[in-house]
$ cat start-v5.cif   # mmCIF, C-alpha atoms
data_protein
loop_
_atom_site.label_atom_id
_atom_site.label_comp_id
_atom_site.auth_asym_id
_atom_site.auth_seq_id
_atom_site.Cartn_x
_atom_site.Cartn_y
_atom_site.Cartn_z
CA MET A 1 5.67 30.81 -1.04
CA LYS A 2 8.25 29.10 1.13
CA GLN A 3 9.25 25.58 0.13
CA LEU A 4 11.05 22.98 2.21
CA LYS A 5 13.59 20.76 0.51
CA VAL A 6 14.10 17.10 1.27
CA ASP A 7 17.46 15.75 0.18
CA ALA A 8 17.68 13.28 -2.67
CA ILE A 9 18.36 9.69 -1.69
CA LYS A 10 21.27 7.74 -3.12
CA ASP A 11 19.56 4.34 -3.02
CA GLY A 12 16.06 3.40 -1.97
CA THR A 13 12.40 3.76 -2.80
CA VAL A 14 10.02 6.67 -3.24
CA ILE A 15 6.32 5.93 -2.89
CA ASP A 16 4.36 8.82 -4.39
CA HIS A 17 0.69 9.57 -5.08
CA ILE A 18 -0.48 7.97 -1.84
CA PRO A 19 -3.99 9.26 -1.00
CA GLY A 20 -3.78 11.98 1.66
CA GLY A 21 -3.55 10.65 5.21
CA LYS A 22 -2.45 7.10 4.28
CA ALA A 23 1.35 7.54 4.66
CA VAL A 24 1.28 6.20 8.22
CA GLN A 25 -0.39 2.98 7.04
CA VAL A 26 2.22 2.65 4.29
CA LEU A 27 4.97 3.14 6.85
CA LYS A 28 3.49 0.36 9.00
CA ILE A 29 3.57 -1.97 5.98
CA LEU A 30 7.25 -1.13 5.56
CA GLY A 31 7.92 -2.13 9.16
CA GLY A 32 8.11 1.42 10.45
CA GLY A 33 11.44 2.13 8.76
CA LYS A 34 13.34 0.75 11.76
CA GLU A 35 16.67 0.43 9.98
CA ALA A 36 16.42 3.21 7.39
CA THR A 37 16.12 6.95 7.08
CA VAL A 38 12.51 7.76 6.16
CA SER A 39 11.05 11.02 4.91
CA ILE A 40 7.28 11.53 4.90
CA GLY A 41 5.28 14.30 3.29
CA MET A 42 1.60 14.37 4.22
CA ASN A 43 -1.34 16.23 2.74
CA LEU A 44 0.71 17.80 -0.04
CA ASN A 45 -1.16 19.52 -2.87
CA SER A 46 -1.76 17.28 -5.89
CA SER A 47 -3.50 18.15 -9.15
CA LYS A 48 -4.66 14.51 -9.54
CA LEU A 49 -5.62 13.61 -5.98
CA GLY A 50 -6.29 16.97 -4.33
CA LYS A 51 -4.10 15.94 -1.39
CA LYS A 52 -1.40 13.28 -1.44
CA ASP A 53 1.27 11.76 0.76
CA ILE A 54 4.77 10.68 -0.20
CA VAL A 55 7.20 8.32 1.55
CA LYS A 56 10.94 8.12 0.81
CA ILE A 57 12.88 5.29 2.39
CA GLU A 58 16.63 4.98 2.01
CA ASN A 59 18.47 1.73 1.33
CA HIS A 60 15.30 -0.32 0.91
CA GLU A 61 13.59 -1.76 -2.15
CA LEU A 62 10.07 -3.08 -1.71
CA SER A 63 9.24 -6.77 -1.89
CA ALA A 64 6.35 -7.91 -4.09
CA ASP A 65 4.39 -8.61 -0.91
CA GLN A 66 4.90 -5.03 0.33
CA VAL A 67 3.82 -3.63 -3.06
CA ASN A 68 0.62 -5.73 -2.95
CA ARG A 69 -0.18 -4.50 0.55
CA ILE A 70 0.39 -0.89 -0.49
CA ALA A 71 -1.77 -1.34 -3.63
CA ILE A 72 -4.75 -2.33 -1.49
CA ILE A 73 -4.64 0.77 0.72
CA ALA A 74 -3.19 3.17 -1.88
CA PRO A 75 -4.23 2.05 -5.39
CA THR A 76 -3.10 5.37 -6.92
CA ALA A 77 0.46 5.04 -5.62
CA SER A 78 3.55 4.91 -7.80
CA ILE A 79 6.83 3.28 -6.84
CA THR A 80 10.18 4.71 -7.90
CA ILE A 81 13.38 2.76 -7.27
CA ILE A 82 16.46 4.95 -6.90
CA ARG A 83 19.99 3.61 -7.45
CA ASN A 84 23.04 5.84 -7.23
CA TYR A 85 20.79 8.97 -7.25
CA ASP A 86 19.15 7.94 -10.57
CA VAL A 87 15.69 6.55 -11.28
CA ALA A 88 16.26 2.85 -12.00
CA GLU A 89 12.59 1.90 -12.25
CA LYS A 90 9.21 3.61 -11.98
CA ARG A 91 5.81 1.94 -11.99
CA LYS A 92 2.28 2.30 -10.71
CA VAL A 93 1.04 -0.23 -8.21
CA GLU A 94 -1.51 -2.75 -9.45
CA ILE A 95 -4.26 -4.15 -7.30
CA PRO A 96 -3.68 -7.91 -7.19
CA GLY A 97 -6.30 -10.42 -8.36
CA LYS A 98 -5.76 -12.48 -5.21
CA ILE A 99 -4.51 -11.48 -1.81
CA ASP A 100 -3.02 -14.34 0.15
CA ASN A 101 -2.54 -13.97 3.90
CA ILE A 102 -2.00 -10.21 3.89
CA THR A 103 -5.33 -9.16 5.39
CA HIS A 104 -7.73 -10.32 8.07
CA CYS A 105 -11.29 -11.30 7.20
CA PRO A 106 -13.67 -8.79 8.82
CA ASN A 107 -16.27 -11.53 9.37
CA PRO A 108 -15.82 -12.65 12.99
CA ASN A 109 -17.49 -15.98 12.14
CA CYS A 110 -15.09 -16.75 9.27
CA ILE A 111 -13.09 -19.93 9.85
CA THR A 112 -9.86 -17.93 9.34
CA ASN A 113 -10.64 -16.08 12.57
CA LYS A 114 -11.32 -19.27 14.52
CA GLU A 115 -8.59 -21.61 13.26
CA ASP A 116 -5.01 -21.25 12.08
CA ILE A 117 -5.85 -20.90 8.37
CA ARG A 118 -4.23 -18.46 5.93
CA THR A 119 -6.68 -15.91 4.59
CA LEU A 120 -7.34 -15.82 0.86
CA PHE A 121 -9.34 -13.19 -1.00
CA ASP A 122 -10.20 -12.97 -4.68
CA ARG A 123 -10.76 -9.64 -6.37
CA TYR A 124 -14.49 -9.31 -6.93
CA ARG A 125 -15.83 -7.82 -10.15
CA GLY A 126 -19.30 -6.53 -9.33
CA ALA A 127 -21.60 -4.04 -11.02
CA ASP A 128 -19.50 -1.05 -9.91
CA ASP A 129 -16.09 -1.34 -11.57
CA ASP A 130 -14.88 1.89 -9.92
CA LYS A 131 -14.96 0.27 -6.48
CA THR A 132 -12.38 -2.41 -5.69
CA GLU A 133 -13.84 -5.26 -3.68
CA PHE A 134 -12.54 -8.61 -2.50
CA MET A 135 -14.40 -11.83 -1.65
CA CYS A 136 -13.21 -14.09 1.14
CA HIS A 137 -12.46 -17.53 -0.26
CA TYR A 138 -13.89 -19.20 2.87
CA CYS A 139 -16.97 -17.28 4.04
CA GLU A 140 -17.66 -15.79 0.56
CA ARG A 141 -18.44 -12.35 1.94
CA ILE A 142 -17.53 -9.35 -0.18
CA TYR A 143 -15.66 -6.38 1.28
CA PRO A 144 -14.44 -3.07 -0.17
CA ALA A 145 -10.64 -2.89 -0.32
CA ASP A 146 -10.62 0.03 2.10
CA GLY A 147 -12.61 -2.07 4.57
CA LEU A 148 -9.89 -4.71 4.89
CA LYS A 149 -7.34 -4.52 7.70
CA ILE A 150 -3.89 -5.16 6.25
CA LYS A 151 -1.52 -7.31 8.30
CA VAL A 152 1.71 -5.47 8.96
CA GLY A 153 3.93 -8.48 9.70
#
$ encode --input "start-v5.cif" --output "structure tokens"
Amino acid sequence: MKQLKVDAIKDGTVIDHIPGGKAVQVLKILGGGKEATVSIGMNLNSSKLGKKDIVKIENHELSADQVNRIAIIAPTASITIIRNYDVAEKRKVEIPGKIDNITHCPNPNCITNKEDIRTLFDRYRGADDDKTEFMCHYCERIYPADGLKIKVG
């Protein structure tokens, strides 16, 4: 089997174990990699996920806000910080208990869609613990995490 090699990065971040097909959404969260060299692998074989994506971005470490946004769309992702070609830190993303102003409320009648109000969602613990859901603080509707549209700005 032929294998393509992607060069190691000196400094930056590797986001691995992204569910297959979600790398483009992750890249949008990162601002499209406007200032950095970005490598993307999509639909790679994974023993845990079946198919996975990976994003490597040079000279950029993620903010807490970016990690929270990624956790919502890719809860299986892991973040590796690279400094001087060595792994400085490695951790799995954690779905936050609250998400503050990083997603739009899907309810068109929600006050956050009619007035200039920051959105706020609380993680909802329903009967099905395998499914991550969030409840809008204002309209009190419950949405699956994958049903929320993440703001990219």
$ closest_residue --input "start-v5.cif" --among "A:Lys28, A:Lys131, A:Arg125, A:Arg91" --to "Arg69 (chain A)" --atoms "only C-alpha atoms"
A:Lys28
$ closest_residue --input "start-v5.cif" --among "A:Asn59, A:Asn107, A:Asn113, A:Ser39" --to "Asn84 (chain A)" --atoms "all atoms listed in the file"
A:Asn59
$ atom_distance --input "start-v5.cif" --atom1 "CA of Ala145 (chain A)" --atom2 "CA of Ser78 (chain A)"
17.8 Å
$ residues_around --input "start-v5.cif" --residues "Lys149 (chain A)" --least-positions-apart "2" --cutoff "8 Å" --atoms "all atoms listed in the file" --output "ChimeraX atom specification"
/A:103-106,146-147,151
$ atom_distance --input "start-v5.cif" --atom1 "CA of Asn45 (chain A)" --atom2 "CA of Leu27 (chain A)"
20.0 Å
$ atom_distance --input "start-v5.cif" --atom1 "CA of Lys98 (chain A)" --atom2 "CA of Tyr124 (chain A)"
9.4 Å
$ closest_residue --input "start-v5.cif" --among "A:Ser63, A:Ala36, A:Gly50, A:Val55" --to "Ile15 (chain A)" --atoms "all atoms listed in the file"
A:Val55
$ decode --input "start-v5.cif" --residues "region 39-77 of chain A" --atoms "C-alpha atoms" --output "PDB file, in the first residue's frame"
ATOM      1  CA  SER A  39      -2.641  20.171   6.472  1.00  0.00           C
ATOM      2  CA  ILE A  40      -5.931  18.267   6.357  1.00  0.00           C
ATOM      3  CA  GLY A  41      -6.494  14.542   6.134  1.00  0.00           C
ATOM      4  CA  MET A  42     -10.085  13.495   5.515  1.00  0.00           C
ATOM      5  CA  ASN A  43     -11.821  10.148   5.768  1.00  0.00           C
ATOM      6  CA  LEU A  44      -8.726   8.339   7.004  1.00  0.00           C
ATOM      7  CA  ASN A  45      -9.152   4.823   8.387  1.00  0.00           C
ATOM      8  CA  SER A  46      -9.569   4.702  12.165  1.00  0.00           C
ATOM      9  CA  SER A  47     -10.021   1.652  14.377  1.00  0.00           C
ATOM     10  CA  LYS A  48     -12.074   3.723  16.874  1.00  0.00           C
ATOM     11  CA  LEU A  49     -14.186   5.874  14.555  1.00  0.00           C
ATOM     12  CA  GLY A  50     -14.226   3.928  11.294  1.00  0.00           C
ATOM     13  CA  LYS A  51     -13.323   7.113   9.408  1.00  0.00           C
ATOM     14  CA  LYS A  52     -11.638  10.176  10.878  1.00  0.00           C
ATOM     15  CA  ASP A  53     -10.251  13.532   9.854  1.00  0.00           C
ATOM     16  CA  ILE A  54      -7.109  15.254  11.100  1.00  0.00           C
ATOM     17  CA  VAL A  55      -6.073  18.920  10.952  1.00  0.00           C
ATOM     18  CA  LYS A  56      -2.515  20.186  11.492  1.00  0.00           C
ATOM     19  CA  ILE A  57      -2.018  23.923  11.776  1.00  0.00           C
ATOM     20  CA  GLU A  58       1.427  25.460  12.091  1.00  0.00           C
ATOM     21  CA  ASN A  59       2.314  28.301  14.461  1.00  0.00           C
ATOM     22  CA  HIS A  60      -1.090  28.351  16.140  1.00  0.00           C
ATOM     23  CA  GLU A  61      -2.271  27.162  19.543  1.00  0.00           C
ATOM     24  CA  LEU A  62      -6.005  26.973  20.118  1.00  0.00           C
ATOM     25  CA  SER A  63      -7.827  29.329  22.450  1.00  0.00           C
ATOM     26  CA  ALA A  64     -10.232  27.883  25.033  1.00  0.00           C
ATOM     27  CA  ASP A  65     -13.085  29.276  22.950  1.00  0.00           C
ATOM     28  CA  GLN A  66     -11.872  27.435  19.837  1.00  0.00           C
ATOM     29  CA  VAL A  67     -11.524  24.175  21.815  1.00  0.00           C
ATOM     30  CA  ASN A  68     -15.116  24.533  23.102  1.00  0.00           C
ATOM     31  CA  ARG A  69     -16.420  25.113  19.580  1.00  0.00           C
ATOM     32  CA  ILE A  70     -14.533  22.073  18.292  1.00  0.00           C
ATOM     33  CA  ALA A  71     -15.796  19.916  21.194  1.00  0.00           C
ATOM     34  CA  ILE A  72     -19.398  20.573  20.179  1.00  0.00           C
ATOM     35  CA  ILE A  73     -18.959  19.426  16.571  1.00  0.00           C
ATOM     36  CA  ALA A  74     -16.206  16.849  17.212  1.00  0.00           C
ATOM     37  CA  PRO A  75     -16.553  15.451  20.765  1.00  0.00           C
ATOM     38  CA  THR A  76     -14.107  12.604  20.012  1.00  0.00           C
ATOM     39  CA  ALA A  77     -11.297  14.962  18.990  1.00  0.00           C
TER      40      ALA A  77
END
